[in-house]
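A.B. asks: Take a look at entry.txt, compact mmCIF, C-alpha atoms (C1' of nucleotides):
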# COMPACT_ATOMS: atom_id res chain seq x y z
CA MET F 1030 32.54 -15.68 18.44
CA LYS F 1031 31.22 -19.01 17.25
CA GLU F 1032 28.10 -20.57 18.67
CA SER F 1033 28.48 -24.29 19.13
CA THR F 1034 24.90 -24.76 20.33
CA SER F 1035 22.11 -26.02 18.12
CA GLU F 1036 20.53 -22.53 18.15
CA GLN F 1037 19.82 -21.06 14.75
CA ALA F 1038 21.81 -17.97 13.77
CA PRO F 1039 19.74 -14.78 14.13
CA PHE F 1040 17.92 -13.72 11.00
CA ASP F 1041 19.18 -10.58 9.35
CA PRO F 1042 16.54 -8.78 7.31
CA PHE F 1043 19.25 -6.43 6.10
CA ARG F 1044 20.75 -9.24 4.05
CA HIS F 1045 17.57 -9.69 2.05
CA PHE F 1046 16.62 -7.53 -0.90
CA GLU F 1047 12.91 -8.03 -0.36
CA PHE F 1048 13.00 -6.31 3.02
CA LEU F 1049 15.61 -3.69 2.21
CA THR F 1050 14.03 -2.46 -1.00
CA ASN F 1051 10.53 -2.54 0.41
CA ARG F 1052 11.36 -0.48 3.47
CA ILE F 1053 13.70 1.94 1.76
CA GLY F 1054 11.09 2.35 -0.97
CA ARG F 1055 8.47 3.40 1.56
CA LEU F 1056 10.85 5.67 3.44
CA LEU F 1057 11.90 7.49 0.28
CA ALA F 1058 8.32 7.70 -0.97
CA LYS F 1059 7.40 9.38 2.29
CA GLN F 1060 10.22 11.90 1.87
CA VAL F 1061 9.31 12.66 -1.72
CA GLY F 1062 5.62 12.88 -0.93
CA GLY F 1063 6.32 15.30 1.88
CA ARG F 1064 8.36 17.57 -0.35
CA CYS F 1065 5.67 17.56 -3.06
CA ALA F 1066 2.97 18.44 -0.57
CA GLU F 1067 5.08 21.35 0.68
CA LEU F 1068 5.39 22.55 -2.90
CA GLY F 1069 1.60 22.57 -3.25
CA TYR F 1070 1.01 19.49 -5.37
CA HIS F 1071 -1.96 17.52 -4.11
CA PHE F 1072 -2.18 13.99 -5.40
CA PRO F 1073 -1.36 10.67 -3.74
CA THR F 1074 2.39 10.13 -3.50
CA SER F 1075 2.32 6.99 -5.59
CA CYS F 1076 1.16 9.01 -8.59
CA ILE F 1077 4.65 10.42 -8.94
CA GLY F 1078 5.69 7.05 -10.30
CA ILE F 1079 3.33 7.56 -13.22
CA LEU F 1080 4.84 10.96 -13.94
CA ALA F 1081 8.33 9.44 -13.79
CA ASP F 1082 7.41 7.02 -16.54
CA LEU F 1083 5.89 9.78 -18.63
CA TRP F 1084 8.95 11.98 -18.24
CA GLN F 1085 10.89 9.14 -19.75
CA ARG F 1086 8.46 8.60 -22.59
CA ASP F 1087 5.22 10.47 -23.20
CA GLY F 1088 2.06 9.05 -24.73
CA ILE F 1089 2.02 5.51 -23.38
CA PRO F 1090 -1.07 3.33 -22.72
CA GLN F 1091 -2.30 2.57 -19.20
CA LYS F 1092 -1.43 -1.11 -19.30
CA ASP F 1093 2.27 -0.21 -19.65
CA LEU F 1094 2.02 2.02 -16.61
CA ALA F 1095 0.42 -0.80 -14.65
CA ILE F 1096 3.22 -3.20 -15.51
CA ASN F 1097 6.05 -0.73 -14.94
CA LEU F 1098 4.71 0.57 -11.62
CA VAL F 1099 3.67 -2.87 -10.38
CA LYS F 1100 0.08 -1.78 -9.81
CA SER F 1101 -3.29 -3.13 -10.88
CA LYS F 1102 -4.99 -1.53 -13.83
CA SER F 1103 -7.80 -0.31 -11.61
CA SER F 1104 -5.27 1.48 -9.43
CA ILE F 1105 -3.82 3.17 -12.49
CA THR F 1106 -7.28 4.32 -13.52
CA LYS F 1107 -7.80 6.02 -10.16
CA MET F 1108 -4.34 7.53 -10.01
CA LEU F 1109 -4.80 9.00 -13.46
CA ASP F 1110 -8.13 10.46 -12.33
CA ALA F 1111 -6.23 12.25 -9.55
CA LEU F 1112 -3.48 13.45 -11.89
CA GLU F 1113 -6.01 14.64 -14.44
CA GLU F 1114 -7.83 16.50 -11.67
CA GLU F 1115 -4.57 18.29 -10.86
CA ALA F 1116 -4.01 19.01 -14.57
CA MET F 1117 -0.78 17.02 -14.73
CA ILE F 1118 -1.79 14.62 -17.52
CA SER F 1119 -4.41 14.14 -20.22
CA ARG F 1120 -5.93 10.98 -21.65
CA THR F 1121 -6.34 10.56 -25.42
CA SER F 1122 -7.96 7.66 -27.17
CA SER F 1123 -5.49 5.91 -29.42
CA LEU F 1124 -6.34 6.01 -33.12
CA GLN F 1125 -4.62 2.72 -33.88
CA ASP F 1126 -6.40 0.89 -31.07
CA LYS F 1127 -9.67 2.40 -29.90
CA ARG F 1128 -9.67 0.41 -26.65
CA SER F 1129 -6.42 1.97 -25.58
CA LYS F 1130 -5.89 5.43 -24.10
CA LEU F 1131 -2.56 7.18 -24.46
CA ILE F 1132 -1.44 9.30 -21.52
CA TYR F 1133 0.27 12.62 -22.16
CA LEU F 1134 1.84 15.16 -19.83
CA THR F 1135 0.43 18.67 -19.68
CA ASP F 1136 2.84 21.60 -19.39
CA ARG F 1137 2.26 21.56 -15.66
CA GLY F 1138 3.17 17.88 -15.62
CA LYS F 1139 6.35 18.51 -17.60
CA HIS F 1140 7.35 21.41 -15.40
CA PHE F 1141 6.88 19.38 -12.26
CA ARG F 1142 9.81 17.25 -13.32
CA CYS F 1143 12.25 20.11 -12.82
CA VAL F 1144 10.82 20.87 -9.42
CA LEU F 1145 11.11 17.31 -8.24
CA GLU F 1146 14.49 16.55 -9.79
CA ALA F 1147 16.09 19.54 -8.10
CA SER F 1148 14.84 18.66 -4.61
CA SER F 1149 15.52 14.98 -5.27
CA GLU F 1150 19.17 15.53 -6.15
CA GLU F 1151 19.73 17.69 -3.11
CA GLN F 1152 18.20 15.01 -0.90
CA GLU F 1153 20.40 12.36 -2.47
CA ARG F 1154 23.55 14.42 -1.95
CA LYS F 1155 22.72 14.69 1.73
CA GLY F 1156 21.75 11.05 2.18
CA LEU F 1157 24.59 9.32 0.36
CA THR F 1158 27.66 11.14 1.66
CA GLU F 1159 29.11 8.03 3.25
CA PHE F 1160 29.36 6.11 0.01
CA SER F 1161 31.89 6.38 -2.76
CA HIS F 1162 30.79 7.38 -6.23
CA GLN F 1163 31.66 3.88 -7.40
CA GLU F 1164 29.59 2.17 -4.73
CA ILE F 1165 26.56 4.21 -5.67
CA THR F 1166 27.06 3.56 -9.37
CA ILE F 1167 27.29 -0.18 -8.77
CA THR F 1168 24.24 -0.18 -6.51
CA LYS F 1169 22.14 1.68 -9.03
CA ARG F 1170 23.28 -0.55 -11.87
CA VAL F 1171 22.47 -3.72 -9.93
CA LEU F 1172 19.05 -2.39 -8.92
CA ALA F 1173 18.23 -1.17 -12.42
CA LYS F 1174 19.05 -4.56 -13.90
CA MET F 1175 17.14 -6.35 -11.14
CA TYR F 1176 14.12 -4.21 -11.88
CA ILE F 1177 14.26 -4.90 -15.60
CA ASN F 1178 14.56 -8.62 -15.03
CA LEU F 1179 11.70 -8.73 -12.55
CA VAL F 1180 9.35 -6.58 -14.61
CA ASP F 1181 10.13 -8.64 -17.66
CA ALA F 1182 9.34 -11.86 -15.83
CA GLN F 1183 6.11 -10.30 -14.61
CA ARG F 1184 5.14 -9.24 -18.12
CA LYS F 1185 5.70 -12.75 -19.44
CA ALA F 1186 3.90 -14.40 -16.51
CA GLN F 1187 0.80 -12.38 -17.34
CA HIS F 1188 0.49 -14.04 -20.71
CA SER F 1189 1.06 -17.62 -19.63
CA THR F 1190 -1.84 -19.52 -18.14
CA TYR F 1191 -0.90 -19.80 -14.48
CA GLU F 1192 -0.29 -23.60 -14.41
CA MET W 1082 26.48 12.43 -28.21
CA LYS W 1083 25.75 15.92 -27.03
CA GLU W 1084 22.44 17.63 -27.58
CA SER W 1085 22.83 21.25 -28.54
CA THR W 1086 19.09 21.93 -28.65
CA SER W 1087 17.16 23.41 -25.73
CA GLU W 1088 15.35 20.07 -25.28
CA GLN W 1089 15.70 18.53 -21.85
CA ALA W 1090 17.42 15.17 -21.62
CA PRO W 1091 14.95 12.31 -21.11
CA PHE W 1092 14.28 11.45 -17.50
CA ASP W 1093 15.59 8.12 -16.33
CA PRO W 1094 13.66 6.68 -13.41
CA PHE W 1095 16.27 3.93 -13.18
CA ARG W 1096 18.80 6.45 -11.93
CA HIS W 1097 16.69 7.31 -8.89
CA PHE W 1098 16.61 5.22 -5.75
CA GLU W 1099 13.08 6.25 -4.90
CA PHE W 1100 11.66 4.63 -8.02
CA LEU W 1101 14.00 1.66 -8.15
CA THR W 1102 13.56 0.58 -4.53
CA ASN W 1103 9.84 1.17 -4.56
CA ARG W 1104 9.19 -0.91 -7.64
CA ILE W 1105 11.63 -3.67 -6.85
CA GLY W 1106 10.20 -3.78 -3.35
CA ARG W 1107 6.71 -4.38 -4.69
CA LEU W 1108 7.87 -6.92 -7.26
CA LEU W 1109 9.76 -8.95 -4.67
CA ALA W 1110 6.90 -8.69 -2.18
CA LYS W 1111 4.61 -10.13 -4.83
CA GLN W 1112 7.00 -13.03 -5.42
CA VAL W 1113 7.39 -13.77 -1.74
CA GLY W 1114 3.66 -13.42 -1.11
CA GLY W 1115 2.93 -15.83 -3.94
CA ARG W 1116 5.30 -18.43 -2.56
CA CYS W 1117 3.82 -18.13 0.95
CA ALA W 1118 0.31 -18.53 -0.34
CA GLU W 1119 1.37 -21.68 -2.20
CA LEU W 1120 2.79 -23.03 1.05
CA GLY W 1121 -0.57 -22.49 2.75
CA TYR W 1122 0.12 -19.41 4.85
CA HIS W 1123 -2.80 -16.97 4.72
CA PHE W 1124 -2.01 -13.49 5.93
CA PRO W 1125 -1.36 -10.27 4.01
CA THR W 1126 2.07 -10.29 2.39
CA SER W 1127 3.25 -7.24 4.28
CA CYS W 1128 2.96 -9.17 7.55
CA ILE W 1129 6.09 -11.07 6.60
CA GLY W 1130 8.03 -7.93 7.42
CA ILE W 1131 6.87 -8.22 11.01
CA LEU W 1132 8.02 -11.80 11.19
CA ALA W 1133 11.39 -10.79 9.72
CA ASP W 1134 11.93 -8.37 12.57
CA LEU W 1135 10.90 -10.97 15.12
CA TRP W 1136 13.25 -13.54 13.65
CA GLN W 1137 16.01 -11.07 14.28
CA ARG W 1138 14.88 -10.32 17.83
CA ASP W 1139 11.89 -11.76 19.60
CA GLY W 1140 9.76 -9.98 22.19
CA ILE W 1141 9.74 -6.42 20.90
CA PRO W 1142 6.97 -3.81 21.38
CA GLN W 1143 4.65 -2.73 18.57
CA LYS W 1144 6.05 0.78 18.28
CA ASP W 1145 9.43 -0.65 17.23
CA LEU W 1146 7.73 -2.69 14.54
CA ALA W 1147 5.94 0.40 13.29
CA ILE W 1148 9.17 2.36 12.97
CA ASN W 1149 11.19 -0.46 11.41
CA LEU W 1150 8.54 -1.44 8.88
CA VAL W 1151 7.62 2.16 8.03
CA LYS W 1152 3.96 1.60 8.90
CA SER W 1153 1.50 3.38 11.16
CA LYS W 1154 0.80 1.92 14.56
CA SER W 1155 -2.79 1.24 13.56
CA SER W 1156 -1.55 -0.81 10.61
CA ILE W 1157 0.67 -2.82 12.92
CA THR W 1158 -2.31 -3.53 15.20
CA LYS W 1159 -4.27 -4.95 12.26
CA MET W 1160 -1.37 -6.95 10.88
CA LEU W 1161 -0.73 -8.49 14.29
CA ASP W 1162 -4.40 -9.41 14.50
CA ALA W 1163 -3.96 -11.33 11.25
CA LEU W 1164 -0.74 -13.01 12.41
CA GLU W 1165 -2.30 -13.95 15.74
CA GLU W 1166 -5.26 -15.41 13.87
CA GLU W 1167 -2.82 -17.62 11.95
CA ALA W 1168 -1.04 -18.54 15.20
CA MET W 1169 2.28 -17.05 14.10
CA ILE W 1170 2.73 -14.66 17.05
CA SER W 1171 1.39 -13.93 20.52
CA ARG W 1172 0.98 -10.63 22.36
CA THR W 1173 2.07 -10.34 25.99
CA SER W 1174 1.65 -7.32 28.17
CA SER W 1175 5.02 -6.04 29.32
CA LEU W 1176 5.59 -6.19 33.06
CA GLN W 1177 7.95 -3.22 33.09
CA ASP W 1178 5.53 -1.04 31.14
CA LYS W 1179 1.91 -2.06 31.29
CA ARG W 1180 0.98 0.08 28.27
CA SER W 1181 3.33 -1.85 26.06
CA LYS W 1182 2.76 -5.29 24.53
CA LEU W 1183 5.67 -7.48 23.62
CA ILE W 1184 5.33 -9.61 20.52
CA TYR W 1185 6.64 -13.15 20.53
CA LEU W 1186 6.84 -15.78 17.82
CA THR W 1187 4.99 -19.05 18.27
CA ASP W 1188 6.66 -22.26 17.17
CA ARG W 1189 4.75 -22.00 13.93
CA GLY W 1190 6.13 -18.48 13.49
CA LYS W 1191 9.67 -19.63 14.15
CA HIS W 1192 9.35 -22.56 11.80
CA PHE W 1193 8.06 -20.37 9.03
CA ARG W 1194 11.45 -18.71 8.88
CA CYS W 1195 13.12 -21.88 7.60
CA VAL W 1196 10.42 -22.31 4.99
CA LEU W 1197 10.78 -18.78 3.71
CA GLU W 1198 14.56 -18.56 3.88
CA ALA W 1199 14.96 -21.68 1.79
CA SER W 1200 12.67 -20.53 -0.99
CA SER W 1201 14.06 -17.03 -0.73
CA GLU W 1202 17.65 -18.10 -1.24
CA GLU W 1203 16.73 -20.22 -4.20
CA GLN W 1204 14.90 -17.28 -5.75
CA GLU W 1205 17.89 -15.02 -5.18
CA ARG W 1206 20.26 -17.49 -6.77
CA LYS W 1207 18.12 -17.52 -9.88
CA GLY W 1208 17.59 -13.77 -10.01
CA LEU W 1209 21.11 -12.52 -9.44
CA THR W 1210 23.18 -14.73 -11.73
CA GLU W 1211 24.37 -11.79 -13.82
CA PHE W 1212 26.08 -10.02 -10.96
CA SER W 1213 29.39 -10.74 -9.31
CA HIS W 1214 29.53 -11.65 -5.66
CA GLN W 1215 31.25 -8.35 -4.99
CA GLU W 1216 28.58 -6.29 -6.73
CA ILE W 1217 25.86 -7.92 -4.68
CA THR W 1218 27.79 -7.43 -1.46
CA ILE W 1219 28.30 -3.75 -2.19
CA THR W 1220 24.66 -3.26 -3.16
CA LYS W 1221 23.42 -4.88 0.02
CA ARG W 1222 25.83 -2.91 2.16
CA VAL W 1223 24.80 0.39 0.60
CA LEU W 1224 21.10 -0.43 0.96
CA ALA W 1225 21.48 -1.62 4.54
CA LYS W 1226 23.25 1.60 5.52
CA MET W 1227 20.71 3.70 3.63
CA TYR W 1228 17.91 1.98 5.49
CA ILE W 1229 19.53 2.53 8.87
CA ASN W 1230 20.11 6.20 8.14
CA LEU W 1231 16.58 6.77 6.89
CA VAL W 1232 14.88 4.91 9.73
CA ASP W 1233 17.02 6.77 12.23
CA ALA W 1234 16.08 10.12 10.75
CA GLN W 1235 12.45 9.05 10.86
CA ARG W 1236 12.71 8.04 14.50
CA LYS W 1237 14.22 11.39 15.42
CA ALA W 1238 11.70 13.36 13.38
CA GLN W 1239 8.90 11.76 15.37
CA HIS W 1240 10.14 13.31 18.59
CA SER W 1241 10.74 16.82 17.31
CA THR W 1242 7.75 19.12 17.05
CA TYR W 1243 7.19 19.41 13.34
CA GLU W 1244 8.17 23.11 12.95
C1' DA I 1328 2.36 13.47 45.75
C1' DA I 1329 -1.06 15.78 42.70
C1' DT I 1330 -1.25 17.66 37.95
C1' DT I 1331 0.24 17.86 33.42
C1' DT I 1332 2.37 15.91 29.52
C1' DT I 1333 3.92 12.18 26.90
C1' DT I 1334 3.63 7.45 25.27
C1' DA I 1335 1.70 2.56 23.68
C1' DG I 1336 -1.85 0.58 21.82
C1' DT I 1337 -6.89 0.31 20.02
C1' DA I 1338 -11.23 1.80 17.54
C1' DC I 1339 -13.22 3.77 13.84
C1' DA I 1340 -13.80 6.62 9.78
C1' DC I 1341 -11.57 7.54 5.62
C1' DT I 1342 -8.19 6.87 1.72
C1' DT I 1343 -5.64 3.96 -1.23
C1' DT I 1344 -5.21 -0.35 -3.58
C1' DT I 1345 -6.94 -4.45 -5.29
C1' DG I 1346 -9.83 -8.27 -7.59
C1' DA I 1347 -13.89 -9.57 -10.12
C1' DA I 1348 -17.41 -8.48 -13.17
C1' DC I 1349 -18.39 -5.73 -17.04
C1' DT I 1350 -18.10 -3.06 -21.83
C1' DA I 1351 -16.20 -2.36 -26.02
C1' DA I 1352 -12.68 -3.08 -29.32
C1' DA I 1353 -9.18 -6.07 -31.40
C1' DT I 1354 -7.48 -10.64 -32.62
C1' DT I 1355 -7.86 -15.51 -33.52
C1' DT I 1356 -10.12 -19.48 -35.06
C1' DC I 1357 -12.96 -21.85 -37.68
C1' DG O 330 -16.21 -13.29 -42.64
C1' DA O 331 -18.93 -14.89 -38.41
C1' DA O 332 -18.12 -16.67 -33.78
C1' DA O 333 -15.06 -17.22 -30.02
C1' DT O 334 -11.22 -15.49 -27.48
C1' DT O 335 -8.28 -12.05 -25.84
C1' DT O 336 -7.23 -7.34 -24.50
C1' DA O 337 -7.68 -2.19 -22.55
C1' DG O 338 -9.97 0.25 -19.60
C1' DT O 339 -13.88 1.30 -16.09
C1' DT O 340 -16.89 0.26 -12.19
C1' DC O 341 -17.86 -1.38 -7.86
C1' DA O 342 -17.28 -4.11 -3.60
C1' DA O 343 -13.89 -5.54 -0.49
C1' DA O 344 -9.15 -5.42 1.60
C1' DA O 345 -5.15 -3.06 3.23
C1' DG O 346 -3.27 1.04 5.23
C1' DT O 347 -3.55 5.67 7.54
C1' DG O 348 -5.05 9.66 10.67
C1' DT O 349 -7.66 11.21 14.49
C1' DA O 350 -9.70 10.53 18.65
C1' DC O 351 -9.61 7.75 22.53
C1' DT O 352 -8.00 4.86 26.92
C1' DA O 353 -4.79 3.69 30.10
C1' DA O 354 -0.22 3.82 31.83
C1' DA O 355 4.30 6.16 32.49
C1' DA O 356 7.19 10.23 32.98
C1' DA O 357 7.84 15.00 33.91
C1' DT O 358 6.52 19.14 36.31
C1' DT O 359 5.08 21.57 39.96
In structure tokens, write the structure found in this file.

C.D. replies:
Amino acid sequence: MKESTSEQAPFDPFRHFEFLTNRIGRLLAKQVGGRCAELGYHFPTSCIGILADLWQRDGIPQKDLAINLVKSKSSITKMLDALEEEAMISRTSSLQDKRSKLIYLTDRGKHFRCVLEASSEEQERKGLTEFSHQEITITKRVLAKMYINLVDAQRKAQHSTYE
Amino acid sequence: MKESTSEQAPFDPFRHFEFLTNRIGRLLAKQVGGRCAELGYHFPTSCIGILADLWQRDGIPQKDLAINLVKSKSSITKMLDALEEEAMISRTSSLQDKRSKLIYLTDRGKHFRCVLEASSEEQERKGLTEFSHQEITITKRVLAKMYINLVDAQRKAQHSTYE
DNA sequence: AATTTTTAGTACACTTTTGAACTAAATTTC
DNA sequence: GAAATTTAGTTCAAAAGTGTACTAAAAATT
């Protein structure tokens, strides 16, 4: 079993979060995007991330979306254009801060949540049969915390002057 | 605790793998990309995924890279152009199958692994202090299996005639 | 063994995403 | 409280990624 040569052990991308999350993220996005297209919703797949944030809390400014979704603010602008086109969201200028625009879901945008959640849960049931409930709970908790930590670091880094 | 109104419970993106993996994937990619740039390597961040696969097994054809990385074959062509430019890999026509090109790491490409792995492990140590060894092991195992299942499904779907 | 079909990779047009420059509003500094 | 700095969002050019059409080779069909 043991190699006594000077050869380096083979690299295992599956042991590294950066590769695992990245690839799984794209694979799942593809799945979700495919299902949405079938259901007749026509906006770029990545826009669903914006809706996810709005389902959690409505009426947030674009800069928050950019930070949470890990996208540039110009990307968010374009994605919102697409979502507005499809009547999923509306932009309203904030009264407190006239620079800022608050993003709200339309009824269509709210309804879409039910559609997606249903198909999403079914997909997850199918895909995660090999794992125990506990394993899945732990995995989600670890990932959720990882995400919060990373986003937080990102948010802070934005304000500091990069060395 | 219980809501007796007809209001829907707030959506929690953190409970869904598609959002968690996608966002964490992009956050980690940003980190890794930043570190590589600092070290003087100048190719698009996503190209590191190609190197990761080659570190695991050298001399594989482009189609395998496309499937494993969840990218189109045209993307892989462009990424390999960039990596070749930076002298990280070389393309060799396969003798068995003259259509196919096998991708090999150069010495520079092999060496880069050590550079990245070192900085990657340090980063992970810092980022995962709150979790037990067991939690991390479970999370990685679940993700690794998820990835294998998803990629496999993808590979099969390619061969079937899409309804 | 000639013809058809499939497969691996490239080329190019098109979409998505980004970075840099810009506008307008808010905040800070003096 | 006027001037300088920072911040939120848009615009536009450029980069990264994809889909379609293509070439050449392999495999399957006849």

A.B. asks: How close does each residue of chain I get to range 341-355 of chain O, giving the shortest atom pair and distance in Å to one decimal for every residue with an atom at most 8 Å away, counting all atoms listed in the file, sorted by chain and residue number, as CSV?

C.D. replies:
residue,atom,partner,partner_atom,distance
I:DT1334,C1',O:DA355,C1',7.4
I:DA1338,C1',O:DC351,C1',7.9
I:DT1342,C1',O:DT347,C1',7.5
I:DT1343,C1',O:DG346,C1',7.5
I:DT1344,C1',O:DA345,C1',7.3
I:DT1345,C1',O:DA344,C1',7.3

A.B. asks: Grab the residues selected above and save them as an mmCIF file, keeping the file's coordinate frame with C-alpha atoms (C1' of nucleotides).

C.D. replies:
data_model
loop_
_atom_site.group_PDB
_atom_site.id
_atom_site.type_symbol
_atom_site.label_atom_id
_atom_site.label_comp_id
_atom_site.auth_asym_id
_atom_site.auth_seq_id
_atom_site.Cartn_x
_atom_site.Cartn_y
_atom_site.Cartn_z
ATOM 1 C "C1'" DT I 1334 3.630 7.450 25.270
ATOM 2 C "C1'" DA I 1338 -11.230 1.800 17.540
ATOM 3 C "C1'" DT I 1342 -8.190 6.870 1.720
ATOM 4 C "C1'" DT I 1343 -5.640 3.960 -1.230
ATOM 5 C "C1'" DT I 1344 -5.210 -0.350 -3.580
ATOM 6 C "C1'" DT I 1345 -6.940 -4.450 -5.290
#

A.B. asks: Using CA of Met1108 in chain F and CA of Ala1238 in chain W as the two end points, give the distance in Å to one decimal.

C.D. replies: 29.0 Å

A.B. asks: Specify as a list in words all residues of chain W found within 8 Å of chain I, counting only C-alpha atoms (C1' of nucleotides).

C.D. replies: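 Listed by rising number, the hits are Gln1143, Lys1144, Lys1154, Ser1155, Thr1158, Arg1180, Ser1181 and Lys1182 of chain W.
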
A.B. asks: Box for range 1338-1356 of chain I - axis-aligned, 5 Å on each of the six sides, all listed atoms - centre and size in Å to one decimal, as JSON.

C.D. replies:
{"center_x": -11.8, "center_y": -6.0, "center_z": -8.8, "size_x": 23.2, "size_y": 37.0, "size_z": 62.6}

A.B. asks: Please find the residues of chain W near chain F - the criterion being any atom within 8 Å, counting only C-alpha atoms - and write them as a PyMOL selection string.

C.D. replies: chain W and resi 1091-1110+1130+1133-1134+1136-1138+1149-1151+1208-1209+1212+1216-1217+1219-1221+1223-1225+1227-1228+1230-1232

A.B. asks: Quick one: write out the picked residues with C-alpha atoms as a PDB file, in the coordinates of the input?

C.D. replies:
ATOM      1  CA  PRO W1091      14.950  12.310 -21.110  1.00  0.00           C
ATOM      2  CA  PHE W1092      14.280  11.450 -17.500  1.00  0.00           C
ATOM      3  CA  ASP W1093      15.590   8.120 -16.330  1.00  0.00           C
ATOM      4  CA  PRO W1094      13.660   6.680 -13.410  1.00  0.00           C
ATOM      5  CA  PHE W1095      16.270   3.930 -13.180  1.00  0.00           C
ATOM      6  CA  ARG W1096      18.800   6.450 -11.930  1.00  0.00           C
ATOM      7  CA  HIS W1097      16.690   7.310  -8.890  1.00  0.00           C
ATOM      8  CA  PHE W1098      16.610   5.220  -5.750  1.00  0.00           C
ATOM      9  CA  GLU W1099      13.080   6.250  -4.900  1.00  0.00           C
ATOM     10  CA  PHE W1100      11.660   4.630  -8.020  1.00  0.00           C
ATOM     11  CA  LEU W1101      14.000   1.660  -8.150  1.00  0.00           C
ATOM     12  CA  THR W1102      13.560   0.580  -4.530  1.00  0.00           C
ATOM     13  CA  ASN W1103       9.840   1.170  -4.560  1.00  0.00           C
ATOM     14  CA  ARG W1104       9.190  -0.910  -7.640  1.00  0.00           C
ATOM     15  CA  ILE W1105      11.630  -3.670  -6.850  1.00  0.00           C
ATOM     16  CA  GLY W1106      10.200  -3.780  -3.350  1.00  0.00           C
ATOM     17  CA  ARG W1107       6.710  -4.380  -4.690  1.00  0.00           C
ATOM     18  CA  LEU W1108       7.870  -6.920  -7.260  1.00  0.00           C
ATOM     19  CA  LEU W1109       9.760  -8.950  -4.670  1.00  0.00           C
ATOM     20  CA  ALA W1110       6.900  -8.690  -2.180  1.00  0.00           C
ATOM     21  CA  GLY W1130       8.030  -7.930   7.420  1.00  0.00           C
ATOM     22  CA  ALA W1133      11.390 -10.790   9.720  1.00  0.00           C
ATOM     23  CA  ASP W1134      11.930  -8.370  12.570  1.00  0.00           C
ATOM     24  CA  TRP W1136      13.250 -13.540  13.650  1.00  0.00           C
ATOM     25  CA  GLN W1137      16.010 -11.070  14.280  1.00  0.00           C
ATOM     26  CA  ARG W1138      14.880 -10.320  17.830  1.00  0.00           C
ATOM     27  CA  ASN W1149      11.190  -0.460  11.410  1.00  0.00           C
ATOM     28  CA  LEU W1150       8.540  -1.440   8.880  1.00  0.00           C
ATOM     29  CA  VAL W1151       7.620   2.160   8.030  1.00  0.00           C
ATOM     30  CA  GLY W1208      17.590 -13.770 -10.010  1.00  0.00           C
ATOM     31  CA  LEU W1209      21.110 -12.520  -9.440  1.00  0.00           C
ATOM     32  CA  PHE W1212      26.080 -10.020 -10.960  1.00  0.00           C
ATOM     33  CA  GLU W1216      28.580  -6.290  -6.730  1.00  0.00           C
ATOM     34  CA  ILE W1217      25.860  -7.920  -4.680  1.00  0.00           C
ATOM     35  CA  ILE W1219      28.300  -3.750  -2.190  1.00  0.00           C
ATOM     36  CA  THR W1220      24.660  -3.260  -3.160  1.00  0.00           C
ATOM     37  CA  LYS W1221      23.420  -4.880   0.020  1.00  0.00           C
ATOM     38  CA  VAL W1223      24.800   0.390   0.600  1.00  0.00           C
ATOM     39  CA  LEU W1224      21.100  -0.430   0.960  1.00  0.00           C
ATOM     40  CA  ALA W1225      21.480  -1.620   4.540  1.00  0.00           C
ATOM     41  CA  MET W1227      20.710   3.700   3.630  1.00  0.00           C
ATOM     42  CA  TYR W1228      17.910   1.980   5.490  1.00  0.00           C
ATOM     43  CA  ASN W1230      20.110   6.200   8.140  1.00  0.00           C
ATOM     44  CA  LEU W1231      16.580   6.770   6.890  1.00  0.00           C
ATOM     45  CA  VAL W1232      14.880   4.910   9.730  1.00  0.00           C
TER      46      VAL W1232
END

A.B. asks: Using all atoms listed in the file, what table do you get, as CSV, when you list each residue of chain W with an atom no more than 7 Å from chain O, its nearest pair of atoms, and their distance in Å rounded to one decimal, rows by chain then rising number?

C.D. replies:
residue,atom,partner,partner_atom,distance
W:Ser1153,CA,O:DT347,C1',6.6
W:Ser1156,CA,O:DG346,C1',5.9
W:Lys1179,CA,O:DA354,C1',6.3
W:Arg1180,CA,O:DA354,C1',5.3

A.B. asks: Need to verify the contact set: Tyr1070 in chain F, 12 Å, only C-alpha atoms (C1' of nucleotides), exclusion of same-chain residues closer than 3 positions in sequence. Can you return it as a list in words?

C.D. replies: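 Counting only C-alpha atoms (C1' of nucleotides), the residues come to Val1061, Gly1062, Gly1063, Arg1064, Cys1065, Ala1066, Glu1067, Pro1073, Thr1074, Cys1076, Ile1077, Ala1111, Leu1112, Glu1114, Glu1115, Ala1116, Met1117, Arg1137, Gly1138, Phe1141, Val1144 and Leu1145 of chain F.
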
A.B. asks: Distance CA of Gln1187 in chain F-CA of Leu1120 in chain W, one decimal place?

C.D. replies: 21.3 Å

A.B. asks: Measure the distance from CA of Asp1093 in chain F to CA of Lys1207 in chain W in Å and round it to one decimal.

C.D. replies: 25.4 Å
